[in-house]
Each structure stands twice: as C-alpha cells, then as structure tokens.
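Text of start-v2.cif, listed as mmCIF, C-alpha atoms:
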data_upload
#
loop_
_atom_site.label_atom_id
_atom_site.label_comp_id
_atom_site.auth_asym_id
_atom_site.auth_seq_id
_atom_site.Cartn_x
_atom_site.Cartn_y
_atom_site.Cartn_z
CA MET A 846 -32.59 -8.41 7.89
CA THR A 847 -34.72 -10.28 5.40
CA ALA A 848 -36.02 -6.99 4.01
CA SER A 849 -32.54 -6.03 2.86
CA ALA A 850 -32.00 -9.16 0.77
CA PRO A 851 -33.85 -7.98 -2.36
CA ARG A 852 -32.06 -4.64 -2.30
CA SER A 853 -28.62 -6.33 -1.93
CA SER A 854 -29.38 -8.65 -4.84
CA THR A 855 -30.00 -5.65 -7.12
CA LEU A 856 -26.58 -4.11 -6.44
CA PRO A 857 -24.36 -4.04 -9.55
CA SER A 858 -21.47 -6.50 -9.59
CA PRO A 859 -18.44 -4.97 -7.84
CA TRP A 860 -15.90 -6.98 -9.81
CA PRO A 861 -15.49 -4.71 -12.86
CA HIS A 862 -14.64 -1.83 -10.52
CA ILE A 863 -12.38 -4.05 -8.40
CA THR A 864 -10.56 -5.17 -11.55
CA ARG A 865 -10.00 -1.61 -12.81
CA THR A 866 -8.81 -0.49 -9.38
CA ALA A 867 -6.48 -3.48 -9.12
CA ALA A 868 -5.00 -2.57 -12.53
CA ALA A 869 -4.44 1.03 -11.40
CA LEU A 870 -2.72 -0.10 -8.18
CA ALA A 871 -0.65 -2.67 -10.10
CA ALA A 872 0.62 0.06 -12.43
CA ALA A 873 1.17 2.70 -9.74
CA MET A 874 2.60 0.61 -6.93
CA GLY A 875 3.44 -2.91 -8.07
CA VAL A 876 5.37 -1.77 -11.15
CA GLY A 877 5.85 2.00 -11.04
CA ARG A 878 7.07 2.04 -7.48
CA PHE A 879 8.45 -1.38 -6.60
CA VAL A 880 10.03 -2.61 -9.83
CA TYR A 881 13.12 -0.66 -8.75
CA THR A 882 13.76 -3.34 -6.11
CA PRO A 883 14.55 -6.28 -8.47
CA ILE A 884 16.26 -3.99 -11.01
CA LEU A 885 18.56 -2.45 -8.38
CA PRO A 886 21.09 -5.37 -8.35
CA LEU A 887 21.32 -5.19 -12.16
CA MET A 888 22.05 -1.48 -12.01
CA HIS A 889 24.77 -2.13 -9.43
CA THR A 890 26.59 -4.65 -11.61
CA GLN A 891 25.86 -3.31 -15.11
CA ALA A 892 25.33 0.45 -14.78
CA GLY A 893 27.92 1.19 -12.08
CA LEU A 894 25.32 2.35 -9.56
CA SER A 895 26.78 2.63 -6.05
CA ALA A 896 24.88 1.53 -2.95
CA GLY A 897 24.66 5.12 -1.72
CA THR A 898 23.29 6.41 -5.03
CA GLY A 899 20.81 3.53 -5.09
CA ALA A 900 19.53 4.64 -1.68
CA ASN A 901 19.28 8.24 -2.89
CA LEU A 902 17.17 7.19 -5.89
CA ALA A 903 14.86 5.30 -3.54
CA THR A 904 14.56 8.39 -1.36
CA ALA A 905 13.72 10.54 -4.41
CA ASN A 906 10.87 8.20 -5.27
CA TYR A 907 9.48 8.31 -1.73
CA ALA A 908 9.80 12.10 -1.63
CA GLY A 909 7.79 12.27 -4.85
CA TYR A 910 5.19 10.00 -3.28
CA LEU A 911 4.86 12.37 -0.33
CA ILE A 912 4.48 15.32 -2.73
CA GLY A 913 1.74 13.52 -4.65
CA ALA A 914 -0.07 12.48 -1.47
CA LEU A 915 0.01 16.03 -0.11
CA ALA A 916 -1.21 17.40 -3.44
CA GLY A 917 -4.18 15.06 -3.32
CA THR A 918 -4.90 16.10 0.26
CA LEU A 919 -4.59 19.87 -0.24
CA ALA A 920 -6.41 19.95 -3.59
CA PRO A 921 -9.31 17.48 -3.32
CA ALA A 922 -10.42 18.24 -6.87
CA LEU A 923 -7.35 16.35 -8.10
CA VAL A 924 -8.61 13.05 -6.72
CA ARG A 925 -11.96 13.47 -8.49
CA SER A 926 -10.45 14.11 -11.92
CA ARG A 927 -10.29 11.44 -14.60
CA ALA A 928 -7.81 13.65 -16.51
CA VAL A 929 -5.44 13.63 -13.52
CA LEU A 930 -5.76 9.84 -13.23
CA ARG A 931 -5.00 9.27 -16.90
CA GLY A 932 -2.25 11.88 -16.99
CA SER A 933 -0.60 10.31 -13.95
CA LEU A 934 -0.72 6.84 -15.53
CA LEU A 935 0.91 8.21 -18.70
CA LEU A 936 3.55 10.11 -16.73
CA LEU A 937 4.36 7.06 -14.66
CA THR A 938 4.83 4.89 -17.74
CA GLY A 939 7.00 7.56 -19.35
CA THR A 940 9.33 7.78 -16.36
CA LEU A 941 9.91 4.02 -16.49
CA ALA A 942 10.72 4.20 -20.20
CA GLY A 943 13.08 7.12 -19.58
CA MET A 944 15.32 5.34 -17.04
CA PRO A 945 17.42 3.41 -19.62
CA LEU A 946 17.96 6.51 -21.78
CA THR A 947 20.57 8.03 -19.48
CA HIS A 948 23.45 7.24 -17.10
CA SER A 949 23.02 10.45 -15.13
CA PRO A 950 22.17 9.90 -11.44
CA ALA A 951 20.59 13.37 -11.37
CA VAL A 952 18.21 12.51 -14.23
CA TRP A 953 17.46 9.13 -12.67
CA GLY A 954 16.60 10.94 -9.44
CA ALA A 955 14.27 13.35 -11.25
CA LEU A 956 12.52 10.48 -13.03
CA ARG A 957 12.03 8.54 -9.79
CA LEU A 958 10.72 11.71 -8.11
CA LEU A 959 8.12 12.16 -10.85
CA ALA A 960 7.26 8.46 -10.72
CA GLY A 961 6.63 8.75 -6.99
CA ALA A 962 4.30 11.73 -7.38
CA ALA A 963 2.37 10.01 -10.18
CA SER A 964 2.12 6.79 -8.13
CA ALA A 965 0.67 8.65 -5.16
CA LEU A 966 -1.98 10.44 -7.21
CA VAL A 967 -3.07 7.21 -8.89
CA PHE A 968 -3.16 5.47 -5.50
CA VAL A 969 -5.25 8.17 -3.83
CA ILE A 970 -7.71 8.40 -6.74
CA ALA A 971 -8.04 4.62 -7.06
CA VAL A 972 -8.52 3.94 -3.34
CA ASN A 973 -11.05 6.75 -2.92
CA ALA A 974 -12.94 5.47 -5.96
CA LEU A 975 -12.83 1.92 -4.61
CA LEU A 976 -14.23 2.78 -1.19
CA ASN A 977 -16.84 5.07 -2.73
CA GLN A 978 -18.12 2.42 -5.16
CA LEU A 979 -18.09 -0.50 -2.70
CA ARG A 980 -19.76 1.17 0.28
CA ALA A 981 -22.75 -1.18 0.09
CA HIS A 982 -20.69 -4.35 -0.41
CA PRO A 983 -18.94 -6.65 2.11
CA ALA A 984 -15.90 -5.10 3.76
CA HIS A 985 -13.38 -7.69 2.52
CA LEU A 986 -13.93 -6.96 -1.19
CA PRO A 987 -11.65 -3.87 -1.35
CA GLY A 988 -8.83 -6.16 -0.19
CA TRP A 989 -8.91 -7.97 -3.51
CA ALA A 990 -8.38 -4.69 -5.34
CA PHE A 991 -5.37 -3.98 -3.11
CA GLY A 992 -4.09 -7.34 -4.32
CA GLY A 993 -3.31 -5.57 -7.58
CA VAL A 994 -0.17 -4.28 -5.89
CA GLY A 995 0.97 -7.86 -5.35
CA THR A 996 0.07 -8.78 -8.92
CA GLY A 997 2.23 -5.95 -10.26
CA ILE A 998 5.11 -6.95 -8.00
CA ALA A 999 4.90 -10.61 -9.04
CA LEU A 1000 4.67 -9.97 -12.79
CA SER A 1001 7.41 -7.34 -12.84
CA GLY A 1002 9.58 -9.71 -10.78
CA VAL A 1003 9.03 -12.48 -13.32
CA LEU A 1004 10.01 -10.08 -16.13
CA VAL A 1005 13.28 -9.15 -14.44
CA LEU A 1006 13.99 -12.79 -13.56
CA VAL A 1007 13.61 -13.82 -17.20
CA LEU A 1008 15.46 -10.84 -18.69
CA ARG A 1009 18.46 -10.95 -16.35
CA SER A 1010 19.86 -13.97 -18.23
CA VAL A 1011 19.22 -12.70 -21.77
CA ALA A 1012 19.35 -8.88 -21.58
CA ASP A 1013 20.64 -5.99 -19.47
CA TRP A 1014 19.22 -3.46 -17.03
CA ARG A 1015 17.93 -1.24 -19.84
CA ALA A 1016 15.69 -4.00 -21.18
CA ALA A 1017 14.33 -4.56 -17.67
CA TRP A 1018 13.20 -0.92 -17.46
CA TRP A 1019 11.67 -0.96 -20.96
CA ALA A 1020 9.80 -4.19 -20.23
CA SER A 1021 8.54 -2.69 -16.98
CA ALA A 1022 7.28 0.36 -18.87
CA ALA A 1023 5.41 -1.92 -21.27
CA LEU A 1024 3.86 -3.84 -18.35
CA ALA A 1025 2.82 -0.57 -16.70
CA ALA A 1026 1.21 0.51 -19.98
CA VAL A 1027 -0.85 -2.70 -20.07
CA PHE A 1028 -2.09 -2.11 -16.51
CA ALA A 1029 -2.75 1.56 -17.31
CA ALA A 1030 -4.95 0.49 -20.22
CA GLY A 1031 -6.90 -1.75 -17.83
CA ALA A 1032 -7.42 1.19 -15.46
CA TRP A 1033 -8.15 3.78 -18.15
CA ASN A 1034 -11.93 3.80 -17.61
CA LEU A 1035 -11.79 3.82 -13.81
CA ARG A 1036 -14.34 6.33 -12.55
CA PRO A 1037 -12.95 8.71 -9.90
CA PRO A 1038 -15.09 9.23 -6.78
CA MET A 1039 -17.78 11.82 -6.38
CA PRO A 1040 -17.57 14.21 -3.40
CA ALA A 1041 -18.41 12.39 -0.17
CA PRO A 1042 -21.58 13.48 1.65
CA ARG A 1043 -21.06 15.71 4.64
CA SER A 1044 -21.41 13.84 7.92
CA GLU A 1045 -21.59 14.50 11.59
CA ALA A 1046 -20.25 12.14 14.26
CA THR A 1047 -20.58 12.13 18.00
CA ALA A 1048 -17.33 13.52 19.39
CA THR A 1049 -15.13 10.92 21.04
CA ARG A 1050 -11.75 11.64 22.56
CA THR A 1051 -9.48 9.28 20.66
CA HIS A 1052 -6.25 11.29 20.63
CA ARG A 1053 -4.44 8.78 22.85
CA TRP A 1054 -5.14 5.81 20.60
CA PHE A 1055 -4.63 7.72 17.37
CA GLY A 1056 -1.25 8.93 18.63
CA ALA A 1057 -0.15 5.34 19.19
CA LEU A 1058 -1.50 4.34 15.77
CA PHE A 1059 0.25 7.26 14.04
CA LEU A 1060 3.56 6.36 15.69
CA SER A 1061 3.18 2.69 14.82
CA TYR A 1062 2.33 3.36 11.18
CA GLY A 1063 5.09 5.94 10.78
CA LEU A 1064 7.68 3.49 12.17
CA GLU A 1065 6.30 0.83 9.85
CA GLY A 1066 6.97 3.21 6.95
CA VAL A 1067 10.64 3.41 8.02
CA GLY A 1068 11.13 -0.32 8.59
CA TYR A 1069 9.14 -1.86 5.78
CA ILE A 1070 10.67 0.33 3.09
CA VAL A 1071 14.16 -0.89 3.98
CA ALA A 1072 13.06 -4.39 3.02
CA GLY A 1073 10.94 -3.10 0.14
CA THR A 1074 14.03 -1.44 -1.36
CA PHE A 1075 16.95 -3.70 -0.45
CA LEU A 1076 15.55 -7.21 0.16
CA VAL A 1077 16.37 -8.52 -3.33
CA ALA A 1078 19.88 -7.03 -3.27
CA ALA A 1079 20.50 -8.48 0.21
CA ILE A 1080 19.38 -11.97 -0.81
CA ALA A 1081 21.38 -11.78 -4.05
CA GLN A 1082 24.59 -11.14 -2.11
CA GLY A 1083 24.59 -14.58 -0.52
CA SER A 1084 22.50 -16.70 -2.92
CA PRO A 1085 22.47 -17.76 -6.58
CA GLY A 1086 21.57 -14.91 -8.91
CA TRP A 1087 18.01 -16.04 -9.63
CA ILE A 1088 17.04 -16.34 -5.96
CA GLY A 1089 16.81 -12.59 -5.38
CA SER A 1090 14.39 -11.98 -8.25
CA GLY A 1091 12.57 -15.22 -7.45
CA ALA A 1092 12.06 -14.07 -3.86
CA TRP A 1093 10.54 -10.82 -5.11
CA VAL A 1094 8.05 -12.80 -7.20
CA LEU A 1095 7.08 -14.64 -4.01
CA VAL A 1096 6.59 -11.30 -2.24
CA GLY A 1097 4.09 -10.31 -4.91
CA LEU A 1098 2.25 -13.64 -4.90
CA ALA A 1099 1.92 -13.56 -1.12
CA ALA A 1100 0.66 -9.96 -1.25
CA VAL A 1101 -2.18 -10.64 -3.72
CA PRO A 1102 -4.66 -12.18 -1.22
CA SER A 1103 -3.15 -10.68 1.95
CA SER A 1104 -5.38 -7.60 2.40
CA ALA A 1105 -8.58 -9.59 1.88
CA LEU A 1106 -7.42 -12.32 4.26
CA TRP A 1107 -6.44 -9.88 7.02
CA ALA A 1108 -9.83 -8.18 6.59
CA ARG A 1109 -11.60 -11.53 7.02
CA LEU A 1110 -9.61 -12.22 10.20
CA GLY A 1111 -11.13 -9.00 11.55
CA ARG A 1112 -14.38 -10.94 12.04
CA ARG A 1113 -12.74 -12.87 14.91
CA TRP A 1114 -10.02 -10.59 16.26
CA SER A 1115 -9.80 -6.84 16.79
CA ARG A 1116 -7.82 -4.67 14.39
CA PRO A 1117 -5.25 -3.61 17.04
CA ASP A 1118 -4.58 -7.30 17.80
CA LEU A 1119 -4.19 -8.11 14.11
CA LEU A 1120 -1.97 -5.07 13.54
CA LEU A 1121 0.34 -6.19 16.35
CA ALA A 1122 0.50 -9.74 14.97
CA ALA A 1123 1.19 -8.57 11.40
CA LEU A 1124 4.02 -6.28 12.52
CA VAL A 1125 5.73 -9.00 14.57
CA ILE A 1126 5.49 -11.46 11.66
CA GLN A 1127 6.87 -8.84 9.29
CA ALA A 1128 9.82 -8.08 11.58
CA VAL A 1129 10.71 -11.77 11.61
CA GLY A 1130 10.50 -11.91 7.83
CA ILE A 1131 12.78 -8.88 7.37
CA ALA A 1132 15.39 -10.13 9.84
CA LEU A 1133 15.47 -13.74 8.59
CA PRO A 1134 17.82 -13.37 5.57
CA ALA A 1135 20.18 -11.25 7.69
CA LEU A 1136 20.39 -13.88 10.45
CA VAL A 1137 20.07 -17.13 8.51
CA GLY A 1138 21.73 -17.79 5.17
CA GLY A 1139 20.48 -20.08 2.45
CA VAL A 1140 17.72 -20.30 -0.10
CA GLY A 1141 15.09 -21.55 2.36
CA ALA A 1142 15.45 -18.55 4.66
CA ALA A 1143 15.29 -16.16 1.70
CA LEU A 1144 12.06 -17.67 0.38
CA VAL A 1145 10.39 -17.79 3.81
CA SER A 1146 11.39 -14.15 4.32
CA ALA A 1147 9.76 -13.20 1.02
CA VAL A 1148 6.48 -14.93 1.91
CA LEU A 1149 6.29 -13.38 5.38
CA PHE A 1150 7.04 -9.90 4.07
CA GLY A 1151 4.60 -10.17 1.17
CA ALA A 1152 1.84 -11.51 3.41
CA THR A 1153 2.05 -8.57 5.83
CA PHE A 1154 3.08 -5.24 4.28
CA LEU A 1155 -0.24 -4.60 2.50
CA GLY A 1156 -2.17 -6.10 5.42
CA VAL A 1157 -0.54 -3.63 7.82
CA SER A 1158 -1.61 -0.71 5.63
CA THR A 1159 -5.16 -2.00 5.33
CA LEU A 1160 -5.46 -2.56 9.09
CA ALA A 1161 -3.90 0.77 10.06
CA LEU A 1162 -6.05 2.89 7.74
CA ALA A 1163 -9.19 1.02 8.78
CA THR A 1164 -8.31 1.51 12.46
CA GLY A 1165 -7.88 5.25 11.93
CA ALA A 1166 -11.31 5.39 10.32
CA GLU A 1167 -12.78 3.37 13.20
CA LEU A 1168 -11.39 5.89 15.71
CA ARG A 1169 -13.21 8.72 13.88
CA PHE A 1170 -10.14 10.92 14.23
CA PRO A 1171 -10.44 13.95 11.87
CA ARG A 1172 -8.66 13.41 8.52
CA SER A 1173 -7.15 10.18 9.83
CA VAL A 1174 -6.39 8.66 6.43
CA ALA A 1175 -4.58 11.77 5.22
CA LEU A 1176 -2.55 12.08 8.41
CA LEU A 1177 -1.59 8.40 8.49
CA THR A 1178 -0.58 8.46 4.82
CA ALA A 1179 1.59 11.52 5.39
CA GLY A 1180 3.31 9.95 8.41
CA TYR A 1181 3.88 6.73 6.47
CA SER A 1182 5.34 8.68 3.54
CA VAL A 1183 7.76 10.56 5.80
CA GLY A 1184 8.85 7.23 7.27
CA GLN A 1185 9.56 5.89 3.78
CA ILE A 1186 11.76 8.89 3.02
CA LEU A 1187 13.71 8.44 6.26
CA GLY A 1188 14.21 4.67 5.91
CA PRO A 1189 16.83 4.61 3.12
CA LEU A 1190 18.58 7.66 4.60
CA ILE A 1191 18.87 6.04 8.04
CA VAL A 1192 20.37 2.80 6.71
CA SER A 1193 22.57 4.41 4.05
CA PRO A 1194 25.67 4.60 6.36
CA LEU A 1195 25.35 0.84 6.95
CA LEU A 1196 25.37 -0.15 3.28
CA GLY A 1197 29.16 -0.11 3.10
CA HIS A 1198 29.07 -3.32 5.14
CA GLY A 1199 26.48 -4.98 2.92
CA TYR A 1200 22.71 -5.10 3.18
CA ARG A 1201 22.34 -7.40 6.19
CA PRO A 1202 22.92 -4.69 8.83
CA ALA A 1203 20.32 -2.54 7.06
CA LEU A 1204 17.76 -5.36 7.18
CA LEU A 1205 18.43 -5.93 10.88
CA LEU A 1206 17.88 -2.25 11.62
CA GLY A 1207 14.70 -2.29 9.55
CA ALA A 1208 13.43 -5.30 11.52
CA LEU A 1209 14.14 -3.53 14.81
CA VAL A 1210 12.18 -0.47 13.67
CA VAL A 1211 9.22 -2.68 12.72
CA LEU A 1212 9.42 -4.27 16.19
CA ALA A 1213 9.23 -0.75 17.63
CA ALA A 1214 6.11 -0.24 15.50
CA ALA A 1215 4.72 -3.43 17.04
CA GLY A 1216 5.42 -1.97 20.48
CA ALA A 1217 3.35 1.10 19.62
CA ALA A 1218 0.59 -1.20 18.34
CA ALA A 1219 0.67 -3.00 21.70
CA VAL A 1220 0.05 0.36 23.42
CA LEU A 1221 -2.82 0.96 20.97
CA ARG A 1222 -4.54 -2.19 22.29
CA ILE A 1223 -4.78 -0.86 25.86
CA GLY A 1224 -8.36 0.21 26.46
CA PHE A 1225 -9.05 0.54 22.72
CA PRO A 1226 -12.64 1.82 22.15
CA HIS A 1227 -13.94 -1.03 20.00
CA HIS A 1228 -17.56 0.14 19.86
CA MET A 1229 -17.53 3.53 18.21
CA VAL A 1230 -20.61 5.60 17.35
CA VAL A 1231 -21.99 5.08 13.85
CA VAL A 1232 -21.78 8.16 11.66
CA ARG A 1233 -25.10 9.87 10.96
CA HIS A 1234 -25.35 11.79 7.69
CA ALA A 1235 -26.55 15.36 7.79
CA MET A 1236 -29.60 14.53 5.62
CA PRO A 1237 -30.47 10.94 6.51
CA ASP A 1238 -32.91 8.82 4.62
CA ARG A 1239 -34.22 5.45 5.64
CA ARG A 1240 -32.77 3.66 2.64
CA ARG A 1241 -29.21 4.90 3.22
CA GLU A 1242 -29.31 4.10 6.93
CA SER A 1243 -30.65 0.60 6.24
CA THR A 1244 -27.81 -0.04 3.81
CA ARG A 1245 -25.28 1.24 6.35
CA ASP A 1246 -26.70 -1.11 9.00
CA ASP A 1247 -26.36 -4.03 6.58
CA ARG A 1248 -22.73 -3.09 5.89
CA SER A 1249 -21.89 -2.88 9.57
CA GLU A 1250 -23.42 -6.30 10.15
CA ALA A 1251 -21.51 -7.81 7.21
CA ALA A 1252 -18.23 -6.39 8.49
CA GLY A 1253 -18.59 -8.14 11.84
CA PRO A 1254 -18.94 -7.08 15.48
CA GLY A 1255 -17.09 -3.97 16.52
CA VAL A 1256 -16.06 -3.14 12.94
CA VAL A 1257 -16.98 0.13 11.28
CA ALA A 1258 -17.84 -0.21 7.61
CA PRO A 1259 -15.41 1.56 5.24
CA HIS A 1260 -16.16 4.99 3.84
CA PRO A 1261 -14.34 7.36 1.48
CA PRO A 1262 -11.32 8.97 3.17
CA ASP A 1263 -11.36 12.71 3.65
#

I need this file expressed as structure tokens, please.
Amino acid sequence: MTASAPRSSTLPSPWPHITRTAAALAAAMGVGRFVYTPILPLMHTQAGLSAGTGANLATANYAGYLIGALAGTLAPALVRSRAVLRGSLLLLTGTLAGMPLTHSPAVWGALRLLAGAASALVFVIAVNALLNQLRAHPAHLPGWAFGGVGTGIALSGVLVLVLRSVADWRAAWWASAALAAVFAAGAWNLRPPMPAPRSEATATRTHRWFGALFLSYGLEGVGYIVAGTFLVAAIAQGSPGWIGSGAWVLVGLAAVPSSALWARLGRRWSRPDLLLAALVIQAVGIALPALVGGVGAALVSAVLFGATFLGVSTLALATGAELRFPRSVALLTAGYSVGQILGPLIVSPLLGHGYRPALLLGALVVLAAAGAAAVLRIGFPHHMVVVRHAMPDRRRESTRDDRSEAAGPGVVAPHPPD
C-alpha cells in the first residue's frame, strides 16, 4: 500500500466540510428538533400545556420529519440543491422564533410540523454531502460531523438551563432560534452532493438479515423517541428544577463523540454485535430514572442515552449499506420515522400517571429492538462483495481498496445513500 501514500497525502483536509456538516446537523437536529425536550417542562408550568397536547406537538414534529424524508427520497433533486438547504435552514429558524408568538396549540402543531420537514431535508442533504465528500477518508471521520447533533443538544440545553431562572418559556424559544441562526450561518456554504455514480453489485440474498435490521431500527425509533421527548420532564418531576435541563446537557455532551467512537469499535467487533450492545445499554439508560430516584440515577441515565442514540443510527445505517439491500438507507430512515411518530402516541395514555410508566414502556421497546438485533447476528454475512462501478478506472478502485483497508476487516467503506 506504499503507492497510495502520496495520493492520500494530497487529499484536501476534510475538517472544513466536517465542520459545516456538523453545524447543519446541530441546527436541524440538536436545536430545531430536540430543543423541545428541555422547553417542554417550562411550557407545562408557564404556558398551560397539557401532557397530552405536549405529546401531540411531538408527534407533529415527527410527522413533518417523515414528510421531509420522503420528499428527499422521492425527489432526489431536492437533496442536491443548495437553495433547498438554505431555505430549509431559514424555515427551521423561523418556526422556532414563531413558537412564542402564540398560545394556540393548532399553530404550535403547524410550526412543529414545518420544523420537522425542514430538519429532515437539512439532515438528508448534509449526510449525503458528508458521505460524498469523505469517500476517500477514514471511515470514522463522518462520526465527528454527526457529533454536531450532540453539540446542538448541549448548547440549547445550557441556554434553557440558564434562562429558566431569569426568563420564561418564550425567551427559551427565542434564544433557541438565535442559536439555530448561528449554526445555520456556519452551514450556509455547505456544498450539496453531486449525483452518485451508477454501480453494479453482485446479487446477494440478504432479505432475512435486512428484515431483522429494519424491525430493530423501527422499534428503536419508537423507544428512543419516548426518552428523547420526555426524559427531561420525567427527571424534573422527582428532582430539583435544574437537574432536568442539566441532564439534557449531559445527553448532548455524551452524544458529541459517540458516533466516531462506535465507528472505531467496529475495527474489533462486528456491527451487529455493537448494535445489540448499544441497544441494551440504551434500554438501561431509559429505564433507570423510572426505577431509581435521585440525581445520580438521572445523570447516569443521561450519559447512557446520549452515548448510544446517535451510535445506534450510525451502526444501523452502515449495516444496511453493508448488506447491499436496495435503497437500504431510505427504507431504514422511513421505518425509523414511522417509529418516532408512533412512540408519543403509544405512551400518551400513560402520561396521566406521570412520565415514569412511559419511560419503562420505551425501555421495553428498545429491549425488543435489541432482540431483533440478536436475530440479525445469526449467520450475518460479514464479507460482502465490493461494489464495482460501471466504468471503473484504476485510480478509483485503488482509492476504494485503501478505504476498505482503513475501515477494518469485514467493513464496507461508506458511500452516498441512494
């Protein structure tokens, strides 16, 4: 491999692109999508928001996310448009700024629906651009861009934690809009991906394993979103007021390096093994504050949840690509989105008894996802055929060989999702 060293050294630095992608994901997901979690308790106490209406607003956001994801799948030109990226960032920021301007649950629902659609479009464009630009770089580098989600969660959590003692829920939304605008500015010059080259792969019957993966990831969508929506409110019910928002900051801090770290572990263990481990750890983290009271349990729960929810997504999407199942990323994202819509609806009848029963149910669903991941491990085809492009050239194939070697044994190097 000595011949590839000079070529690798001439590659442009990936970090400017990683930074812009991280900013886009921080705006779209960390703030635009998840800031609702620490603001939810403030809206309960100060804006008269009921638990049921809070769940409905969460569902509206997840429905919008599914709409945006499907739009990006059905109209591929959208995910290659800089105008769509910038328009979605502006729309997302505007929906955050619009939340404190009304007390109407219907308007809140519409704003969260639009925010979800904008978040999904930014996510799809950013991730496709990331994988397209970093094809010739080590496989763990995209994980650091995914850490932008954790950065957005942590910083928006700090904002709410500070503002809760000096201002009201309206100020929390306005500050979140300002933070999203800062991240949007950092992502403004992100270059959307070019169309991926057509490829041909040796057919491999992977329906059995992909079915188990699809079920596992869909169940994860149901279970994780229960914690992603109600964890702060659940902790706040039995702890001092600052603990809930403080726990959400810990979720974000733990999420920042998680995707890159799980990707590095893939050098020693298979992705199905890691997916199973991450899901079991996450189930423990979700159940902990429902079973054990106190500040310590709340903080441990936050770390375990933050360290796994992005890692599970990274591992699941990479496993789908490794299986070479047609349109795996699109199908897995759709199943995950449906799960996120169902999660708040399933636990809504339990919210009259507090948030702890909802967290327990969410943990059980994640354990079911771990069960499906255990089935995925049985006879998993670790050594898949490398994709051959329709018009190969020696330079491209040499680069692809280098990437496969850098990713580790049995790991397929990432490529732009279809």

- Message: Excluding A:Val1157 and its own-chain neighbours fewer than 2 positions away, which residues fall within 10 Å of it when counting all atoms listed in the file? Please give them as a PyMOL selection string.
- Response: chain A and resi 1062+1065+1103-1104+1107+1116+1119-1124+1127+1152-1155+1159-1163

- Would you kindly return, as a VMD selection string, each protein, DNA or RNA residue with an atom no farther than 7 Å from any atom of stretch 1013-1016 of chain A, considering all atoms listed in the file and excluding same-chain residues fewer than 6 positions away? chain A and resid 884 887 to 888 891 945

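Taking atom CA of A:Ile912 as the reference point, atom CA of A:Ile1070 is found at 17.2 Å.
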
- For the file shown, what are the residues hit by the PyMOL selection byres ((chain A and resi 1031) around 12), laid out as number ranges by chain? A: 861-872, 931, 934, 993, 1024-1030, 1032-1035

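Computed from the coordinates, the atom CA of A:Ala914 to atom CA of A:Trp1093 distance equals 25.9 Å.
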
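Among the candidates A:Ser1090, A:Thr882, A:Ser964, A:Asn973, the one nearest to A:Tyr910 when counting only C-alpha atoms is A:Ser964.
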
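Between atom CA of A:Gly1224 and atom CA of A:Thr1051 the separation is 10.8 Å.
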
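Residues matched by the PyMOL selection byres ((chain A and resi 927) around 9) in this file: Leu923, Val924, Arg925, Ser926, Ala928, Val929, Leu930, Arg931, Gly932, Ile970, Trp1033, Asn1034, Leu1035, Arg1036 and Pro1037 of chain A.
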
- Task: Kindly resolve the PyMOL selection byres ((chain A and resi 1203) around 12) on the present coordinates and return the residues as a PyMOL selection string.
- Result: chain A and resi 896+900+1067-1076+1078-1079+1131-1132+1134-1136+1188-1202+1204-1210

- Item | Distance criterion (all atoms listed in the file): nearest to A:Ala1023 out of A:Val1007, A:Leu937, A:Ala1218, A:Leu986 | A:Leu937

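Closest approach to A:Leu979 among A:Thr918, A:Ser858, A:Ser1115, A:Thr898: A:Ser858, based on all atoms listed in the file.
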
Please fill the gaps in stretch 1115-1130 of chain A so it has N, CA and C atoms, and write that as a compact mmCIF listing (two decimals), in the coordinates of the input.
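Output saved as out.txt:
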# COMPACT_ATOMS: atom_id res chain seq x y z
N SER A 1115 -9.75 -8.29 16.96
CA SER A 1115 -9.80 -6.84 16.79
C SER A 1115 -8.67 -6.37 15.88
N ARG A 1116 -8.86 -5.22 15.27
CA ARG A 1116 -7.82 -4.67 14.39
C ARG A 1116 -6.51 -4.38 15.12
N PRO A 1117 -6.53 -3.80 16.34
CA PRO A 1117 -5.25 -3.61 17.04
C PRO A 1117 -4.51 -4.92 17.28
N ASP A 1118 -5.22 -6.00 17.62
CA ASP A 1118 -4.58 -7.30 17.80
C ASP A 1118 -3.95 -7.79 16.50
N LEU A 1119 -4.70 -7.66 15.40
CA LEU A 1119 -4.19 -8.11 14.11
C LEU A 1119 -3.01 -7.26 13.65
N LEU A 1120 -3.07 -5.95 13.91
CA LEU A 1120 -1.97 -5.07 13.54
C LEU A 1120 -0.69 -5.47 14.28
N LEU A 1121 -0.81 -5.74 15.57
CA LEU A 1121 0.34 -6.19 16.35
C LEU A 1121 0.91 -7.49 15.79
N ALA A 1122 0.04 -8.45 15.50
CA ALA A 1122 0.50 -9.74 14.97
C ALA A 1122 1.20 -9.57 13.63
N ALA A 1123 0.60 -8.76 12.73
CA ALA A 1123 1.19 -8.57 11.40
C ALA A 1123 2.57 -7.92 11.49
N LEU A 1124 2.73 -6.96 12.38
CA LEU A 1124 4.02 -6.28 12.52
C LEU A 1124 5.09 -7.21 13.07
N VAL A 1125 4.74 -8.05 14.03
CA VAL A 1125 5.73 -9.00 14.57
C VAL A 1125 6.14 -10.00 13.49
N ILE A 1126 5.17 -10.52 12.75
CA ILE A 1126 5.49 -11.46 11.66
C ILE A 1126 6.37 -10.78 10.62
N GLN A 1127 6.06 -9.55 10.29
CA GLN A 1127 6.87 -8.84 9.29
C GLN A 1127 8.30 -8.62 9.78
N ALA A 1128 8.47 -8.26 11.04
CA ALA A 1128 9.82 -8.08 11.58
C ALA A 1128 10.64 -9.35 11.47
N VAL A 1129 10.02 -10.49 11.75
CA VAL A 1129 10.71 -11.77 11.61
C VAL A 1129 11.11 -12.00 10.16
N GLY A 1130 10.20 -11.71 9.24
CA GLY A 1130 10.50 -11.91 7.83
C GLY A 1130 11.64 -11.03 7.34
